[in-house]
Structure formats: structure tokens, C-alpha cells
Amino acid sequence: MSSPEIETLTQALAKLPGLGPRSARRAVLHLLKKREAALGPLLRALEAVNDKLTSCHVCGNVDTGDPCGVCADPRRDARMLCVVEEVADLWALDRSRLFPGRFHVLGGRLSALEGIRPEDLSIDLLIGRIAAGGIDEVVLAMNATLEGQTTAHYIADRLESFPVRLTQLAHGLPVGGELDYLDEGTLAQALRARRPVS
């Protein structure tokens with residue numbers, strides 16, 4: 001039996017995605033064994049992120065600065081905007097380094113079953129960004145799920161009156177798949193083969 005503090009740490013780690021009770025115990029044992037090299041730096045990194053963590057007021061990304069690093073990057077093409085459901089999707093697409101523009105995080109997707117309506121997402125903020133001008137193309141990078149495609153169609157209808165080129169990721173993405181779980185090659189092909197929304 002371990003102390004209550006070590007057990008609390010194990011239980012906290014077990015709640016993270018991809019870690020169960022056994023993996024959490026192994027991680028805790030590693031941290032305890034490598035206290036100076038692993039535990040201390042991890043604690044300092046967690047405290048630093050916890051103190052500075054914020055949501056970007058421009059795109060909705062989670063970062064330690066506002067605006068986030070993506071929005072503040074002058075090398076990004078401000079005329080291209082990629083709309084994603086969640087921050088994990090933004091990070092997945094950004095990891096591919098193939099999209100040169102900026103992003104907009106909706107904070108979810110429309111779902112009648114879950115009671116998520118358009119006003120629950122940052123769709124109005126998206127419309128405001130496009131209405132302000134300067135955006136030539138909007139890429140709808142919704143997950144290839146029924147809710148994701150419903151969200152894409154809703155946004156496409158809302159953007160119909162704006163003079164922007166509206167595209168979406170190619171449907172080479174697996175149906176039911178989520179962007180965060182795809183490899184860079186699949187994401188690269190989907191971005192290259194994007195097409196107009198009909």
C-alpha cells in the first residue's frame with residue numbers, strides 16, 4: 001500500500017486520456033524513481049502552464065499568451081482561415097505544418113442529442129471575423145462525423161452571403177474519424193485535396 005498522497009497522484013494520472021490505473025502506477029513509480037530528473041521538472045512545467053493558461057480571444061486556441069502563438073505569428077496568411085471543432089483539431093492540423101493560414105476553434109459541434117445549439121459555439125465570433133474582411137478562403141475542417149458535417153453545412157449556409165471561397169477537407173478522412181487521431185500523411189492529403197463546399 002502506498003501513502004494517501006501517492007495514491008491521490010496515481011488516481012489523478014489515471015484520469016488522463018490513454019492512461020489507466022496500471023499505466024498511472026508505472027508513471028508514478030517512474031516519477032518517484034527519477035525524482036530530480038522527472039518529478040521536479042514536471043511540477044515546474046505544470047505550475048507554469050497553470051499560472052499562464054488562457055484562451056485566445058481571437059481564435060479560441062488554448063495557450064499561455066493572448067493572442068496565442070498561432071494568431072501572433074506574422075508569417076501566417078491572414079487571408080486563409082481554417083475552422084475546427086476543438087483545440088485538439090487545431091493542434092493536429094498545425095502539427096502537419098501544411099496549412100499556412102490562421103484558425104478558428106468552434107468549441108464543439110452541433111448536436112441535437114446533446115443539446116448543443118449554434119449559440120453554444122463560437123459561430124457568431126467566426127461570422128464577425130469574416131464580416132470584418134480580409135479573409136479570402138474559409139476551410140471547414142470538421143470531423144467526418146454526422147454532427148461534424150451538420151456543423152459544416154450550417155456554417156456554409158451562414159457564410160453564403162460573404163465573398164469568400166468556402167472549402168472543406170477532402171473526404172479521404174475515415175468516416176467517424178477524428179482529426180486528433182490521424183497521422184500527418186492523412187492530414188496532409190486531406191488538406192491538399194480540399195474542395196469547394198456545394
# chains A, B, ... in the order shown; residues from 1 in each chain; ligands from 1
$ select_by_dssp --residues "chain A" --states "helix (DSSP H, G or I)" --output "PyMOL selection string"
chain A and resi 4-14+21-33+35-52+69-72+87-95+118-120+123-131+146-158+179-181+184-192
$ closest_atom_pairs --of "region 64-174 of chain A" --to "region 36-60 of chain A" --cutoff "10 Å" --atoms "only C-alpha atoms" --output "CSV"
residue,atom,partner,partner_atom,distance
A:Thr64,CA,A:Leu53,CA,4.6
A:Gly65,CA,A:Thr54,CA,6.6
A:Asp66,CA,A:Cys56,CA,4.9
A:Pro67,CA,A:Cys56,CA,5.0
A:Cys68,CA,A:Cys56,CA,5.4
A:Gly69,CA,A:Cys56,CA,9.1
A:Val70,CA,A:Cys59,CA,9.0
A:Cys71,CA,A:Val58,CA,7.3
A:Ala72,CA,A:Val58,CA,9.9
A:Leu81,CA,A:Cys59,CA,9.9
A:Val83,CA,A:Cys59,CA,9.2
A:Glu86,CA,A:Gly60,CA,8.9
A:Val87,CA,A:Gly60,CA,7.6
A:Leu90,CA,A:Gly60,CA,9.9
A:Arg102,CA,A:Cys59,CA,8.2
A:Phe103,CA,A:Cys59,CA,6.1
A:His104,CA,A:Cys59,CA,4.5
A:Val105,CA,A:Gly60,CA,5.2
A:Leu106,CA,A:Gly60,CA,7.4
A:Gly107,CA,A:Gly60,CA,7.6
A:Ser122,CA,A:Gly60,CA,8.4
A:Leu125,CA,A:Val58,CA,8.5
A:Leu126,CA,A:Cys59,CA,8.4
A:Arg129,CA,A:Val58,CA,8.6
$ select_by_dssp --residues "chain A" --states "strand (DSSP E)" --output "list in words"
Thr54, Ser55, Val62, Asp63, Asp77, Ala78, Arg79, Met80, Leu81, Cys82, Val83, Val84, Gly101, Arg102, Phe103, His104, Val105, Glu137, Val138, Val139, Leu140, Arg165, Leu166, Thr167, Gln168, Arg195 and Pro196 of chain A
$ closest_residue --among "A:Ile155, A:Leu19, A:Leu32, A:Ala144" --to "Val197 (chain A)" --atoms "only C-alpha atoms"
A:Ile155
$ closest_residue --among "A:Glu119, A:Glu5, A:Glu85, A:Asp77" --to "Leu98 (chain A)" --atoms "only C-alpha atoms"
A:Asp77
$ atom_distance --atom1 "CA of Leu93 (chain A)" --atom2 "CA of Ser23 (chain A)"
28.0 Å
$ atom_distance --atom1 "CA of Gly18 (chain A)" --atom2 "CA of Val62 (chain A)"
20.6 Å
$ closest_residue --among "A:Pro74, A:Gly108, A:Gly185, A:Gly128" --to "Glu147 (chain A)" --atoms "only C-alpha atoms"
A:Gly108
$ closest_residue --among "A:Pro118, A:Pro21, A:Gly133, A:Pro4" --to "Pro163 (chain A)" --atoms "only C-alpha atoms"
A:Gly133
$ residues_around --residues "Leu140 (chain A)" --least-positions-apart "4" --cutoff "7 Å" --atoms "only C-alpha atoms" --output "PDB file with all heavy atoms, in the first residue's frame"
ATOM      1  N   CYS A  82      -8.976  28.472 -41.173  1.00  0.00           N
ATOM      2  CA  CYS A  82      -9.387  27.076 -41.038  1.00  0.00           C
ATOM      3  C   CYS A  82     -10.249  26.944 -39.784  1.00  0.00           C
ATOM      4  O   CYS A  82      -9.807  27.273 -38.682  1.00  0.00           O
ATOM      5  CB  CYS A  82      -8.148  26.181 -40.937  1.00  0.00           C
ATOM      6  SG  CYS A  82      -8.528  24.424 -40.858  1.00  0.00           S
ATOM      7  N   VAL A  83     -11.474  26.466 -39.953  1.00  0.00           N
ATOM      8  CA  VAL A  83     -12.418  26.333 -38.843  1.00  0.00           C
ATOM      9  C   VAL A  83     -12.406  24.888 -38.363  1.00  0.00           C
ATOM     10  O   VAL A  83     -12.607  23.963 -39.146  1.00  0.00           O
ATOM     11  CB  VAL A  83     -13.842  26.734 -39.287  1.00  0.00           C
ATOM     12  CG1 VAL A  83     -14.814  26.627 -38.118  1.00  0.00           C
ATOM     13  CG2 VAL A  83     -13.848  28.129 -39.873  1.00  0.00           C
ATOM     14  N   VAL A  84     -12.160  24.706 -37.067  1.00  0.00           N
ATOM     15  CA  VAL A  84     -12.107  23.372 -36.465  1.00  0.00           C
ATOM     16  C   VAL A  84     -13.065  23.297 -35.283  1.00  0.00           C
ATOM     17  O   VAL A  84     -13.494  24.313 -34.754  1.00  0.00           O
ATOM     18  CB  VAL A  84     -10.674  23.012 -36.013  1.00  0.00           C
ATOM     19  CG1 VAL A  84      -9.725  22.923 -37.196  1.00  0.00           C
ATOM     20  CG2 VAL A  84     -10.154  24.000 -34.983  1.00  0.00           C
ATOM     21  N   ALA A 152     -20.706  21.779 -40.423  1.00  0.00           N
ATOM     22  CA  ALA A 152     -20.119  22.362 -41.640  1.00  0.00           C
ATOM     23  C   ALA A 152     -21.200  22.928 -42.549  1.00  0.00           C
ATOM     24  O   ALA A 152     -21.058  24.041 -43.081  1.00  0.00           O
ATOM     25  CB  ALA A 152     -19.290  21.313 -42.379  1.00  0.00           C
ATOM     26  N   THR A 167     -14.187  26.076 -48.632  1.00  0.00           N
ATOM     27  CA  THR A 167     -13.722  24.726 -48.939  1.00  0.00           C
ATOM     28  C   THR A 167     -13.848  23.862 -47.700  1.00  0.00           C
ATOM     29  O   THR A 167     -14.069  24.362 -46.594  1.00  0.00           O
ATOM     30  CB  THR A 167     -12.246  24.732 -49.404  1.00  0.00           C
ATOM     31  OG1 THR A 167     -11.435  25.285 -48.374  1.00  0.00           O
ATOM     32  CG2 THR A 167     -12.068  25.537 -50.678  1.00  0.00           C
ATOM     33  N   GLN A 168     -13.720  22.552 -47.909  1.00  0.00           N
ATOM     34  CA  GLN A 168     -13.693  21.636 -46.769  1.00  0.00           C
ATOM     35  C   GLN A 168     -12.653  20.574 -47.029  1.00  0.00           C
ATOM     36  O   GLN A 168     -12.213  20.392 -48.165  1.00  0.00           O
ATOM     37  CB  GLN A 168     -15.055  21.007 -46.509  1.00  0.00           C
ATOM     38  CG  GLN A 168     -15.560  20.082 -47.591  1.00  0.00           C
ATOM     39  CD  GLN A 168     -16.964  19.578 -47.293  1.00  0.00           C
ATOM     40  OE1 GLN A 168     -17.682  20.167 -46.502  1.00  0.00           O
ATOM     41  NE2 GLN A 168     -17.348  18.501 -47.938  1.00  0.00           N
ATOM     42  N   LEU A 169     -12.241  19.886 -45.980  1.00  0.00           N
ATOM     43  CA  LEU A 169     -11.248  18.841 -46.134  1.00  0.00           C
ATOM     44  C   LEU A 169     -11.804  17.748 -47.036  1.00  0.00           C
ATOM     45  O   LEU A 169     -13.003  17.472 -47.037  1.00  0.00           O
ATOM     46  CB  LEU A 169     -10.872  18.248 -44.782  1.00  0.00           C
ATOM     47  CG  LEU A 169     -10.162  19.172 -43.799  1.00  0.00           C
ATOM     48  CD1 LEU A 169      -9.796  18.411 -42.536  1.00  0.00           C
ATOM     49  CD2 LEU A 169      -8.932  19.806 -44.410  1.00  0.00           C
TER      50      LEU A 169
END
$ atom_distance --atom1 "CA of Arg26 (chain A)" --atom2 "CA of Ser3 (chain A)"
15.6 Å
$ closest_residue --among "A:Arg25, A:Leu113, A:Pro17, A:Arg79" --to "Gly134 (chain A)" --atoms "only C-alpha atoms"
A:Arg79
$ closest_residue --among "A:Leu166, A:Val139, A:Ala14, A:Leu179" --to "Arg192 (chain A)" --atoms "only C-alpha atoms"
A:Val139
